[in-house]
>>> print(open('start.json').read())   # JSON, C-alpha atoms and all ligand atoms
[["chain", "number", "residue", "atom", "x", "y", "z"],
["C", 11, "MET", "CA", 0.00, 0.00, 0.00],
["C", 12, "SER", "CA", 1.25, 3.47, -0.75],
["C", 13, "PRO", "CA", 2.30, 5.55, 2.24],
["C", 14, "LEU", "CA", -0.01, 8.33, 1.15],
["C", 15, "GLY", "CA", -2.83, 5.81, 1.17],
["C", 16, "LEU", "CA", -1.97, 5.06, 4.79],
["C", 17, "PHE", "CA", -2.07, 8.73, 5.63],
["C", 18, "SER", "CA", -5.79, 8.76, 6.24],
["C", 19, "ALA", "CA", -6.00, 5.29, 7.70],
["C", 20, "GLY", "CA", -4.85, 3.38, 10.78],
["C", 21, "LYS", "CA", -1.86, 4.85, 12.56],
["C", 22, "TYR", "CA", -1.57, 7.65, 10.03],
["C", 23, "THR", "CA", -4.74, 9.30, 11.23],
["C", 24, "VAL", "CA", -2.63, 9.74, 14.38],
["C", 25, "VAL", "CA", 0.17, 11.08, 12.22],
["C", 26, "ALA", "CA", -2.12, 13.61, 10.60],
["C", 27, "SER", "CA", -3.17, 14.94, 14.00],
["C", 28, "ALA", "CA", 0.47, 15.01, 15.11],
["C", 29, "PHE", "CA", 1.03, 17.69, 12.48],
["C", 30, "SER", "CA", -1.03, 20.03, 14.59],
["C", 31, "ASP", "CA", 0.37, 18.83, 17.94],
["C", 32, "THR", "CA", 1.27, 22.00, 19.85],
["C", 33, "ARG", "CA", 4.21, 20.22, 21.50],
["C", 34, "PHE", "CA", 5.99, 20.63, 18.20],
["C", 35, "GLY", "CA", 5.26, 24.36, 17.87],
["C", 36, "ASP", "CA", 7.22, 25.61, 14.89],
["C", 37, "LYS", "CA", 8.53, 22.07, 14.62],
["C", 38, "THR", "CA", 5.43, 21.06, 12.65],
["C", 39, "ALA", "CA", 8.09, 21.76, 10.04],
["C", 40, "GLY", "CA", 9.56, 18.42, 11.12],
["C", 41, "GLY", "CA", 6.78, 16.36, 9.51],
["C", 42, "ILE", "CA", 7.72, 15.64, 5.92],
["C", 43, "THR", "CA", 5.53, 14.41, 3.06],
["C", 44, "LEU", "CA", 6.79, 13.42, -0.38],
["C", 45, "LYS", "CA", 4.35, 12.97, -3.23],
["C", 46, "GLY", "CA", 5.37, 11.37, -6.51],
["C", 47, "VAL", "CA", 9.00, 12.49, -6.28],
["C", 48, "SER", "CA", 11.14, 11.57, -9.31],
["C", 49, "LYS", "CA", 14.73, 12.49, -10.14],
["C", 50, "ARG", "CA", 16.95, 11.72, -13.10],
["C", 51, "TYR", "CA", 20.64, 12.43, -13.69],
["C", 52, "ALA", "CA", 21.50, 12.24, -17.40],
["C", 53, "MET", "CA", 21.04, 8.54, -18.19],
["C", 54, "VAL", "CA", 20.40, 7.47, -14.58],
["C", 55, "THR", "CA", 16.96, 7.35, -13.02],
["C", 56, "ALA", "CA", 17.73, 7.95, -9.34],
["C", 57, "LEU", "CA", 14.14, 8.12, -8.00],
["C", 58, "THR", "CA", 10.78, 7.15, -9.45],
["C", 59, "GLU", "CA", 7.44, 8.30, -8.01],
["C", 60, "VAL", "CA", 8.46, 8.19, -4.35],
["C", 61, "ASP", "CA", 5.61, 8.72, -1.87],
["C", 62, "LEU", "CA", 6.48, 8.98, 1.83],
["C", 63, "VAL", "CA", 4.99, 10.37, 5.01],
["C", 64, "ILE", "CA", 7.47, 11.04, 7.81],
["C", 65, "PRO", "CA", 5.65, 11.81, 11.06],
["C", 66, "PRO", "CA", 6.94, 14.73, 13.13],
["C", 67, "GLY", "CA", 8.93, 13.60, 16.13],
["C", 68, "SER", "CA", 9.58, 10.14, 14.69],
["C", 69, "ILE", "CA", 12.83, 8.37, 13.93],
["C", 70, "PHE", "CA", 12.30, 7.32, 10.34],
["C", 71, "GLY", "CA", 14.67, 4.95, 8.56],
["C", 72, "ILE", "CA", 15.37, 4.77, 4.85],
["C", 73, "ILE", "CA", 17.30, 1.68, 3.89],
["C", 74, "GLY", "CA", 18.56, 0.38, 0.56],
["C", 75, "LYS", "CA", 21.57, -1.01, -1.24],
["C", 76, "SER", "CA", 24.29, 1.22, -2.64],
["C", 77, "GLY", "CA", 22.88, 3.23, -5.54],
["C", 78, "ALA", "CA", 19.25, 2.75, -4.44],
["C", 79, "GLY", "CA", 18.75, 6.52, -4.32],
["C", 80, "LYS", "CA", 18.93, 7.15, -0.56],
["C", 81, "SER", "CA", 21.25, 10.16, -0.63],
["C", 82, "THR", "CA", 19.36, 11.63, -3.58],
["C", 83, "LEU", "CA", 16.15, 11.34, -1.58],
["C", 84, "LEU", "CA", 17.81, 12.95, 1.42],
["C", 85, "ARG", "CA", 19.14, 15.85, -0.68],
["C", 86, "ILE", "CA", 15.63, 16.43, -2.02],
["C", 87, "MET", "CA", 14.08, 16.27, 1.45],
["C", 88, "SER", "CA", 16.69, 18.66, 2.82],
["C", 89, "LEU", "CA", 16.09, 21.01, -0.14],
["C", 90, "LEU", "CA", 19.66, 20.80, -1.41],
["C", 91, "GLU", "CA", 18.23, 19.56, -4.73],
["C", 92, "SER", "CA", 14.89, 19.88, -6.50],
["C", 93, "PRO", "CA", 12.93, 16.91, -7.80],
["C", 94, "ASP", "CA", 12.20, 16.75, -11.53],
["C", 95, "ARG", "CA", 8.62, 15.84, -10.67],
["C", 96, "GLY", "CA", 6.63, 15.60, -7.47],
["C", 97, "GLU", "CA", 6.12, 17.65, -4.34],
["C", 98, "VAL", "CA", 7.75, 18.00, -0.91],
["C", 99, "TYR", "CA", 5.83, 19.33, 2.12],
["C", 100, "TYR", "CA", 7.00, 20.30, 5.60],
["C", 101, "GLY", "CA", 3.84, 20.13, 7.65],
["C", 102, "GLN", "CA", 1.26, 21.77, 5.40],
["C", 103, "GLU", "CA", 3.76, 23.95, 3.54],
["C", 104, "ARG", "CA", 5.03, 23.02, 0.09],
["C", 105, "VAL", "CA", 8.79, 23.55, 0.19],
["C", 106, "ASP", "CA", 10.28, 22.19, -3.06],
["C", 107, "THR", "CA", 9.23, 25.38, -4.84],
["C", 108, "LEU", "CA", 10.91, 27.70, -2.30],
["C", 109, "TRP", "CA", 13.82, 29.84, -3.44],
["C", 110, "GLY", "CA", 15.98, 32.77, -2.31],
["C", 111, "VAL", "CA", 15.59, 33.94, 1.28],
["C", 112, "ALA", "CA", 12.62, 31.64, 1.99],
["C", 113, "LEU", "CA", 14.65, 28.60, 0.90],
["C", 114, "ARG", "CA", 17.66, 29.60, 3.00],
["C", 115, "GLU", "CA", 15.42, 30.24, 6.03],
["C", 116, "ARG", "CA", 13.89, 26.79, 5.65],
["C", 117, "GLN", "CA", 17.28, 25.15, 5.21],
["C", 118, "ARG", "CA", 18.47, 26.77, 8.44],
["C", 119, "LYS", "CA", 15.76, 24.81, 10.28],
["C", 120, "MET", "CA", 17.36, 21.47, 9.48],
["C", 121, "GLY", "CA", 20.53, 19.77, 10.61],
["C", 122, "MET", "CA", 22.59, 17.15, 8.79],
["C", 123, "ILE", "CA", 25.24, 14.66, 9.80],
["C", 124, "PHE", "CA", 27.30, 12.42, 7.54],
["C", 125, "GLN", "CA", 29.51, 9.34, 7.58],
["C", 126, "ASN", "CA", 32.69, 11.41, 7.26],
["C", 127, "PHE", "CA", 31.59, 14.05, 9.86],
["C", 128, "ASN", "CA", 32.38, 17.05, 7.54],
["C", 129, "LEU", "CA", 34.06, 19.00, 10.36],
["C", 130, "MET", "CA", 36.62, 21.77, 9.89],
["C", 131, "ALA", "CA", 40.14, 20.64, 10.82],
["C", 132, "SER", "CA", 41.25, 24.27, 11.21],
["C", 133, "ARG", "CA", 38.86, 24.78, 14.15],
["C", 134, "ASN", "CA", 38.77, 23.06, 17.54],
["C", 135, "VAL", "CA", 35.66, 21.34, 18.93],
["C", 136, "SER", "CA", 34.01, 24.54, 20.22],
["C", 137, "GLY", "CA", 34.92, 26.38, 17.01],
["C", 138, "ASN", "CA", 33.18, 23.75, 14.91],
["C", 139, "ILE", "CA", 30.04, 23.87, 17.01],
["C", 140, "ALA", "CA", 30.05, 27.68, 16.99],
["C", 141, "TYR", "CA", 30.38, 27.92, 13.20],
["C", 142, "PRO", "CA", 26.67, 27.85, 12.18],
["C", 143, "LEU", "CA", 25.88, 30.32, 14.97],
["C", 144, "GLU", "CA", 28.56, 32.69, 13.67],
["C", 145, "ILE", "CA", 27.16, 32.35, 10.14],
["C", 146, "ALA", "CA", 23.72, 33.22, 11.53],
["C", 147, "GLY", "CA", 25.27, 36.42, 12.91],
["C", 148, "LEU", "CA", 24.46, 35.73, 16.55],
["C", 149, "HIS", "CA", 26.02, 37.63, 19.43],
["C", 150, "LYS", "CA", 29.33, 36.32, 20.82],
["C", 151, "SER", "CA", 28.05, 35.92, 24.37],
["C", 152, "TYR", "CA", 25.02, 33.93, 23.14],
["C", 153, "ILE", "CA", 27.31, 31.73, 21.03],
["C", 154, "ARG", "CA", 29.56, 31.00, 24.02],
["C", 155, "GLU", "CA", 26.57, 29.98, 26.13],
["C", 156, "ARG", "CA", 24.96, 27.93, 23.39],
["C", 157, "VAL", "CA", 28.20, 26.06, 22.63],
["C", 158, "GLU", "CA", 28.50, 25.09, 26.32],
["C", 159, "GLU", "CA", 24.90, 23.90, 26.29],
["C", 160, "LEU", "CA", 25.55, 21.80, 23.17],
["C", 161, "LEU", "CA", 28.79, 20.32, 24.52],
["C", 162, "GLU", "CA", 26.80, 19.16, 27.52],
["C", 163, "LEU", "CA", 23.94, 17.87, 25.37],
["C", 164, "VAL", "CA", 26.25, 15.52, 23.46],
["C", 165, "ASP", "CA", 28.41, 14.80, 26.52],
["C", 166, "ILE", "CA", 31.81, 16.08, 25.38],
["C", 167, "THR", "CA", 32.35, 19.06, 27.68],
["C", 168, "ASP", "CA", 35.86, 17.83, 28.50],
["C", 169, "LYS", "CA", 36.79, 18.12, 24.80],
["C", 170, "ARG", "CA", 35.72, 21.75, 24.29],
["C", 171, "LYS", "CA", 39.26, 22.90, 23.43],
["C", 172, "ALA", "CA", 40.44, 19.70, 21.69],
["C", 173, "ARG", "CA", 41.65, 19.61, 18.08],
["C", 174, "LEU", "CA", 39.78, 17.21, 15.82],
["C", 175, "ARG", "CA", 42.80, 14.95, 15.39],
["C", 176, "GLU", "CA", 42.67, 14.28, 19.13],
["C", 177, "LEU", "CA", 39.14, 12.81, 18.89],
["C", 178, "SER", "CA", 37.84, 9.32, 18.20],
["C", 179, "GLY", "CA", 35.28, 8.74, 15.42],
["C", 180, "GLY", "CA", 32.45, 8.63, 17.94],
["C", 181, "GLN", "CA", 33.55, 11.88, 19.55],
["C", 182, "LYS", "CA", 33.79, 13.54, 16.12],
["C", 183, "GLN", "CA", 30.23, 12.45, 15.36],
["C", 184, "ARG", "CA", 29.14, 13.96, 18.69],
["C", 185, "VAL", "CA", 30.71, 17.26, 17.61],
["C", 186, "ALA", "CA", 28.93, 16.99, 14.24],
["C", 187, "ILE", "CA", 25.61, 16.34, 16.01],
["C", 188, "ALA", "CA", 26.15, 19.34, 18.30],
["C", 189, "ARG", "CA", 26.95, 21.53, 15.29],
["C", 190, "ALA", "CA", 23.88, 20.24, 13.42],
["C", 191, "LEU", "CA", 21.65, 21.06, 16.40],
["C", 192, "ALA", "CA", 23.22, 24.45, 17.12],
["C", 193, "VAL", "CA", 20.51, 26.48, 15.37],
["C", 194, "LYS", "CA", 17.70, 24.41, 16.95],
["C", 195, "PRO", "CA", 16.47, 22.64, 13.81],
["C", 196, "GLY", "CA", 13.16, 20.76, 13.67],
["C", 197, "VAL", "CA", 14.64, 17.87, 11.73],
["C", 198, "LEU", "CA", 17.94, 16.02, 11.81],
["C", 199, "PHE", "CA", 19.00, 14.19, 8.63],
["C", 200, "CYS", "CA", 21.58, 11.45, 9.10],
["C", 201, "ASP", "CA", 23.28, 10.05, 5.97],
["C", 202, "GLU", "CA", 25.11, 6.85, 6.96],
["C", 203, "ALA", "CA", 26.10, 8.65, 10.17],
["C", 204, "THR", "CA", 27.32, 5.49, 11.90],
["C", 205, "SER", "CA", 28.75, 3.62, 8.91],
["C", 206, "ALA", "CA", 32.36, 4.53, 9.77],
["C", 207, "LEU", "CA", 32.01, 3.57, 13.44],
["C", 208, "ASP", "CA", 32.58, 0.30, 15.27],
["C", 209, "PRO", "CA", 29.52, -1.53, 16.66],
["C", 210, "LEU", "CA", 29.82, -0.27, 20.24],
["C", 211, "THR", "CA", 30.34, 3.34, 19.19],
["C", 212, "THR", "CA", 27.48, 2.99, 16.68],
["C", 213, "ARG", "CA", 25.30, 1.90, 19.53],
["C", 214, "SER", "CA", 26.23, 4.85, 21.72],
["C", 215, "ILE", "CA", 25.65, 7.36, 18.88],
["C", 216, "LEU", "CA", 22.24, 5.81, 18.10],
["C", 217, "SER", "CA", 21.41, 6.00, 21.78],
["C", 218, "LEU", "CA", 22.36, 9.68, 21.80],
["C", 219, "ILE", "CA", 20.21, 10.39, 18.73],
["C", 220, "ARG", "CA", 17.29, 8.69, 20.40],
["C", 221, "GLU", "CA", 17.81, 10.67, 23.59],
["C", 222, "LEU", "CA", 17.99, 13.94, 21.64],
["C", 223, "ARG", "CA", 14.79, 13.16, 19.80],
["C", 224, "GLU", "CA", 13.04, 12.75, 23.18],
["C", 225, "LYS", "CA", 14.60, 15.85, 24.71],
["C", 226, "LEU", "CA", 14.23, 18.21, 21.76],
["C", 227, "CYS", "CA", 11.11, 16.78, 20.03],
["C", 228, "ILE", "CA", 12.94, 16.73, 16.71],
["C", 229, "THR", "CA", 12.23, 14.51, 13.71],
["C", 230, "VAL", "CA", 15.08, 12.22, 12.70],
["C", 231, "VAL", "CA", 15.46, 10.86, 9.17],
["C", 232, "LEU", "CA", 18.12, 8.21, 9.15],
["C", 233, "ILE", "CA", 19.60, 6.75, 6.00],
["C", 234, "THR", "CA", 21.58, 3.56, 6.18],
["C", 235, "HIS", "CA", 22.40, 0.34, 4.39],
["C", 236, "GLN", "CA", 22.55, -1.53, 7.72],
["C", 237, "MET", "CA", 19.42, -3.32, 8.91],
["C", 238, "GLU", "CA", 20.85, -3.47, 12.44],
["C", 239, "VAL", "CA", 20.80, 0.33, 12.62],
["C", 240, "ILE", "CA", 17.16, 0.43, 11.49],
["C", 241, "ARG", "CA", 16.23, -2.24, 14.01],
["C", 242, "ALA", "CA", 18.07, -0.50, 16.84],
["C", 243, "ILE", "CA", 16.51, 2.93, 16.60],
["C", 244, "CYS", "CA", 13.81, 3.49, 13.96],
["C", 245, "GLU", "CA", 10.04, 3.24, 14.38],
["C", 246, "ASP", "CA", 9.05, 3.37, 10.72],
["C", 247, "VAL", "CA", 11.08, 2.43, 7.71],
["C", 248, "ALA", "CA", 10.99, 2.69, 3.92],
["C", 249, "VAL", "CA", 12.96, 0.21, 1.85],
["C", 250, "LEU", "CA", 14.30, 1.86, -1.27],
["C", 251, "ASN", "CA", 15.23, -0.26, -4.25],
["C", 252, "ALA", "CA", 16.35, 1.08, -7.63],
["C", 253, "GLY", "CA", 14.83, 4.48, -6.84],
["C", 254, "GLN", "CA", 11.44, 3.15, -5.77],
["C", 255, "VAL", "CA", 9.83, 2.45, -2.42],
["C", 256, "ALA", "CA", 9.78, -1.35, -2.32],
["C", 257, "GLU", "CA", 8.20, -1.53, 1.12],
["C", 258, "TYR", "CA", 7.05, 0.84, 3.82],
["C", 259, "GLY", "CA", 5.78, 0.32, 7.35],
["C", 260, "THR", "CA", 6.80, -0.27, 10.95],
["C", 261, "VAL", "CA", 10.21, -1.72, 11.73],
["C", 262, "ARG", "CA", 8.64, -4.55, 13.69],
["C", 263, "ASP", "CA", 6.51, -5.56, 10.67],
["C", 264, "LEU", "CA", 9.52, -5.34, 8.37],
["C", 265, "PHE", "CA", 11.53, -7.72, 10.52],
["C", 266, "ALA", "CA", 8.64, -10.04, 11.30],
["C", 267, "ASN", "CA", 7.28, -10.23, 7.78],
["C", 268, "PRO", "CA", 9.37, -8.65, 5.00],
["C", 269, "ARG", "CA", 7.10, -8.44, 1.97],
["C", 270, "SER", "CA", 9.51, -7.29, -0.73],
["C", 271, "ALA", "CA", 12.43, -9.14, -2.27],
["C", 272, "ALA", "CA", 14.58, -6.05, -1.58],
["C", 273, "ALA", "CA", 13.80, -6.18, 2.16],
["C", 274, "ARG", "CA", 14.44, -9.92, 2.32],
["C", 275, "GLU", "CA", 17.77, -9.42, 0.57],
["C", 276, "LEU", "CA", 18.79, -6.70, 3.06],
["C", 277, "LEU", "CA", 17.70, -8.87, 5.98],
["C", 278, "HIS", "CA", 19.49, -11.94, 4.71],
["C", 279, "GLY", "CA", 22.59, -12.65, 6.78],
["C", 280, "ASP", "CA", 21.63, -10.04, 9.37],
["C", 281, "GLY", "CA", 20.96, -12.73, 11.97],
["C", 282, "ARG", "CA", 20.28, -11.07, 15.31],
["C", 283, "GLY", "CA", 22.37, -8.04, 14.28],
["C", 284, "PHE", "CA", 25.51, -6.81, 15.95],
["C", 285, "LEU", "CA", 23.90, -4.13, 18.07],
["C", 286, "GLY", "CA", 21.85, -6.46, 20.24],
["C", 287, "GLN", "CA", 18.36, -5.90, 21.62],
["C", 288, "GLY", "CA", 18.84, -3.14, 24.22],
["C", 289, "ILE", "CA", 17.99, 0.00, 22.30],
["C", 290, "VAL", "CA", 15.04, -1.62, 20.55],
["C", 291, "GLU", "CA", 13.47, -2.47, 23.87],
["C", 292, "GLY", "CA", 13.67, 1.13, 25.01],
["C", 293, "GLU", "CA", 17.01, 1.20, 26.75],
["C", 294, "THR", "CA", 18.36, 4.72, 26.55],
["C", 295, "GLU", "CA", 21.43, 4.61, 28.73],
["C", 296, "ARG", "CA", 24.72, 5.22, 26.99],
["C", 297, "SER", "CA", 27.46, 2.67, 26.98],
["C", 298, "ASP", "CA", 30.44, 4.63, 28.22],
["C", 299, "GLY", "CA", 34.06, 4.05, 27.50],
["C", 300, "ASP", "CA", 33.22, 2.93, 24.01],
["C", 301, "GLU", "CA", 34.83, 5.69, 22.00],
["C", 401, "LIG", "N1", 25.01, 14.16, -9.08],
["C", 401, "LIG", "C1", 24.80, 13.01, -9.72],
["C", 401, "LIG", "N2", 25.07, 12.90, -11.05],
["C", 401, "LIG", "C2", 24.83, 11.75, -11.72],
["C", 401, "LIG", "N3", 24.33, 10.63, -11.15],
["C", 401, "LIG", "C3", 24.06, 10.68, -9.84],
["C", 401, "LIG", "C4", 24.26, 11.86, -9.05],
["C", 401, "LIG", "N4", 23.90, 11.60, -7.78],
["C", 401, "LIG", "C5", 23.47, 10.32, -7.77],
["C", 401, "LIG", "N5", 23.56, 9.77, -9.00],
["C", 401, "LIG", "C6", 23.16, 8.40, -9.37],
["C", 401, "LIG", "O1", 21.87, 8.18, -8.84],
["C", 401, "LIG", "C7", 21.77, 6.86, -8.30],
["C", 401, "LIG", "C8", 21.40, 6.95, -6.83],
["C", 401, "LIG", "O2", 22.52, 7.51, -6.12],
["C", 401, "LIG", "P1", 22.51, 7.80, -4.55],
["C", 401, "LIG", "O3", 23.78, 8.48, -4.23],
["C", 401, "LIG", "O4", 21.25, 8.49, -4.20],
["C", 401, "LIG", "O5", 22.48, 6.31, -3.97],
["C", 401, "LIG", "P2", 22.65, 5.81, -2.46],
["C", 401, "LIG", "O6", 21.51, 4.89, -2.20],
["C", 401, "LIG", "O7", 22.85, 6.95, -1.56],
["C", 401, "LIG", "O8", 23.99, 4.93, -2.56],
["C", 401, "LIG", "P3", 25.16, 4.72, -1.44],
["C", 401, "LIG", "O9", 24.59, 3.74, -0.43],
["C", 401, "LIG", "O10", 26.28, 4.11, -2.21],
["C", 401, "LIG", "O11", 25.51, 6.04, -0.85],
["C", 401, "LIG", "C9", 23.09, 6.18, -8.55],
["C", 401, "LIG", "O12", 22.99, 5.42, -9.72],
["C", 401, "LIG", "C10", 24.06, 7.34, -8.74],
["C", 401, "LIG", "O13", 25.11, 6.99, -9.59],
["C", 402, "MG", "MG", 24.40, 7.62, -0.32]]
>>> encode(input="start.json", output="structure tokens")
Amino acid sequence: MSPLGLFSAGKYTVVASAFSDTRFGDKTAGGITLKGVSKRYAMVTALTEVDLVIPPGSIFGIIGKSGAGKSTLLRIMSLLESPDRGEVYYGQERVDTLWGVALRERQRKMGMIFQNFNLMASRNVSGNIAYPLEIAGLHKSYIRERVEELLELVDITDKRKARLRELSGGQKQRVAIARALAVKPGVLFCDEATSALDPLTTRSILSLIRELREKLCITVVLITHQMEVIRAICEDVAVLNAGQVAEYGTVRDLFANPRSAAARELLHGDGRGFLGQGIVEGETERSDGDE
């Protein structure tokens, strides 16, 4: 069934009302709807008629093999690229047609983290976190306070003056998360954010993301090729295959009863997964000493 079909039925009636949930305030911007999104690059069809509904405040997984179109979809959702066809909505607002100041304003309300962290080697930890606040032209004293707050949020206060080369991969990703959240975005996009990390560090970063979602009421869109990551943290998931949504639903349903060949292929060999059961069952405590 198409995700948009689900929108007015079952759990998605709940989703629809979540769009007007006052808890989210301006963060209604965090609910994302894609309708018939297609994208082509020269001879390559990257996405075909993608329909998705990402509830505000959820942790939504998008999984697929290499080349399935995940990053393209993420760039379209984060308004870094326009679709050739189709529509993108944040809450009730159509956003794929935004441009100029309105587009930049909207882009400032989202954070992104990547596999390779994308931090600036010329700046220390605090300098990296401060960067988006400086770009936004905020006052120095506010920036100082906000950076402290963010260091605490991601639990790296002792590294505030450290150079990047002195950090582990997990610590670098914590810096990247702090930087992404600096301007208080409504949505955090994660493109293979744990793919370069070992299993234990992956687990602690996923735990942190989950904690932040609870604390800040943000929406998290998480792209990965690892089923274990989806199982550990996501509530809903879309399986992308050759630019199309092969399957869409709850993570529990996907694992219990994968309906598409693409999902079965991704699940094959996963076994119980290397991250274990803890996070899935609601455990939020961090495993320390893992980075
Ligand atoms: N800027 C571009 N120019 C040309 N082709 C592109 C461009 N970006 C993506 N593609 C093509 O679109 C398809 C989807 O690419 P995309 O990067 O979205 O896949 P992905 O699922 O993120 O893969 P991976 O897991 O390897 O990161 C691929 O065939 C890719 O070669
Ligand atoms: Mg990619």
>>> residues_around(input="start.json", residues="Val249 in chain C", least_positions_apart="6", cutoff="8 Å", atoms="all atoms listed in the file", output="PyMOL selection string")
chain C and resi 72-74+255-258+272-273
>>> closest_residue(input="start.json", among="C:Ala186, C:Val193, C:Ile215, C:Val157", to="Met130 in chain C", atoms="all atoms listed in the file")
C:Ala186
>>> residues_around(input="start.json", residues="His235 in chain C", least_positions_apart="3", cutoff="9 Å", atoms="only C-alpha atoms", output="MDAnalysis selection string")
chainID C and resid 72:76 202 205 239:240 276
>>> residues_around(input="start.json", residues="Lys194 in chain C", least_positions_apart="4", cutoff="12 Å", atoms="only C-alpha atoms", output="ChimeraX atom specification")
/C:36-37,40,117-122,142-143,146,156,159-160,187-190,198,222-223,225-229
>>> residues_near_point(input="start.json", point="(11.4, 0.7, 12.0)", cutoff="8 Å", atoms="all atoms listed in the file", output="ChimeraX atom specification")
/C:70-71,240-241,243-247,259-262,264
>>> residues_around(input="start.json", residues="range 164-166 of chain C", least_positions_apart="5", cutoff="12 Å", atoms="all atoms listed in the file", output="PyMOL selection string")
chain C and resi 135-136+139+157-159+171-172+177-178+180-192+214-222+225+296+298+301
>>> closest_residue(input="start.json", among="C:Glu59, C:Glu176, C:Asp208, C:Asp201", to="ligand LIG 401 (chain C)", atoms="all atoms listed in the file")
C:Asp201
>>> atom_distance(input="start.json", atom1="CA of Leu90 in chain C", atom2="atom O9 of ligand LIG 401 (chain C)")
17.8 Å
>>> closest_residue(input="start.json", among="C:Pro195, C:Pro65, C:Gly137, C:Gly46", to="Leu161 in chain C", atoms="only C-alpha atoms")
C:Gly137
>>> closest_residue(input="start.json", among="C:Leu207, C:Ala271, C:Ile233, C:Cys200", to="Ala248 in chain C", atoms="only C-alpha atoms")
C:Ile233
>>> closest_residue(input="start.json", among="C:Ala78, C:Ala52, C:Ile145, C:Ile42", to="ligand MG 402 (chain C)", atoms="all atoms listed in the file")
C:Ala78
>>> residues_near_ligand(input="start.json", ligand="ligand LIG 401 (chain C)", cutoff="6 Å", atoms="all atoms listed in the file", output="list in words")
Tyr51, Val54, Ala56, Lys75, Ser76, Gly77, Ala78, Gly79, Lys80, Ser81 and Thr82 of chain C
>>> closest_residue(input="start.json", among="C:Thr43, C:Asn138, C:Thr212, C:Gln125", to="ligand MG 402 (chain C)", atoms="all atoms listed in the file")
C:Gln125
>>> atom_distance(input="start.json", atom1="CA of Arg114 in chain C", atom2="CA of Tyr100 in chain C")
14.4 Å
>>> atom_distance(input="start.json", atom1="CA of Gly179 in chain C", atom2="CA of Val230 in chain C")
20.7 Å
>>> residues_around(input="start.json", residues="Lys49 in chain C", least_positions_apart="4", cutoff="10 Å", atoms="only C-alpha atoms", output="ChimeraX atom specification")
/C:54-60,79,82-83,86,91-96,253
>>> write_last_selection(input="start.json", atoms="C-alpha atoms", output="tab-separated table (two decimals), keeping the file's coordinate frame")
chain	number	residue	atom	x	y	z
C	54	VAL	CA	20.40	7.47	-14.58
C	55	THR	CA	16.96	7.35	-13.02
C	56	ALA	CA	17.73	7.95	-9.34
C	57	LEU	CA	14.14	8.12	-8.00
C	58	THR	CA	10.78	7.15	-9.45
C	59	GLU	CA	7.44	8.30	-8.01
C	60	VAL	CA	8.46	8.19	-4.35
C	79	GLY	CA	18.75	6.52	-4.32
C	82	THR	CA	19.36	11.63	-3.58
C	83	LEU	CA	16.15	11.34	-1.58
C	86	ILE	CA	15.63	16.43	-2.02
C	91	GLU	CA	18.23	19.56	-4.73
C	92	SER	CA	14.89	19.88	-6.50
C	93	PRO	CA	12.93	16.91	-7.80
C	94	ASP	CA	12.20	16.75	-11.53
C	95	ARG	CA	8.62	15.84	-10.67
C	96	GLY	CA	6.63	15.60	-7.47
C	253	GLY	CA	14.83	4.48	-6.84
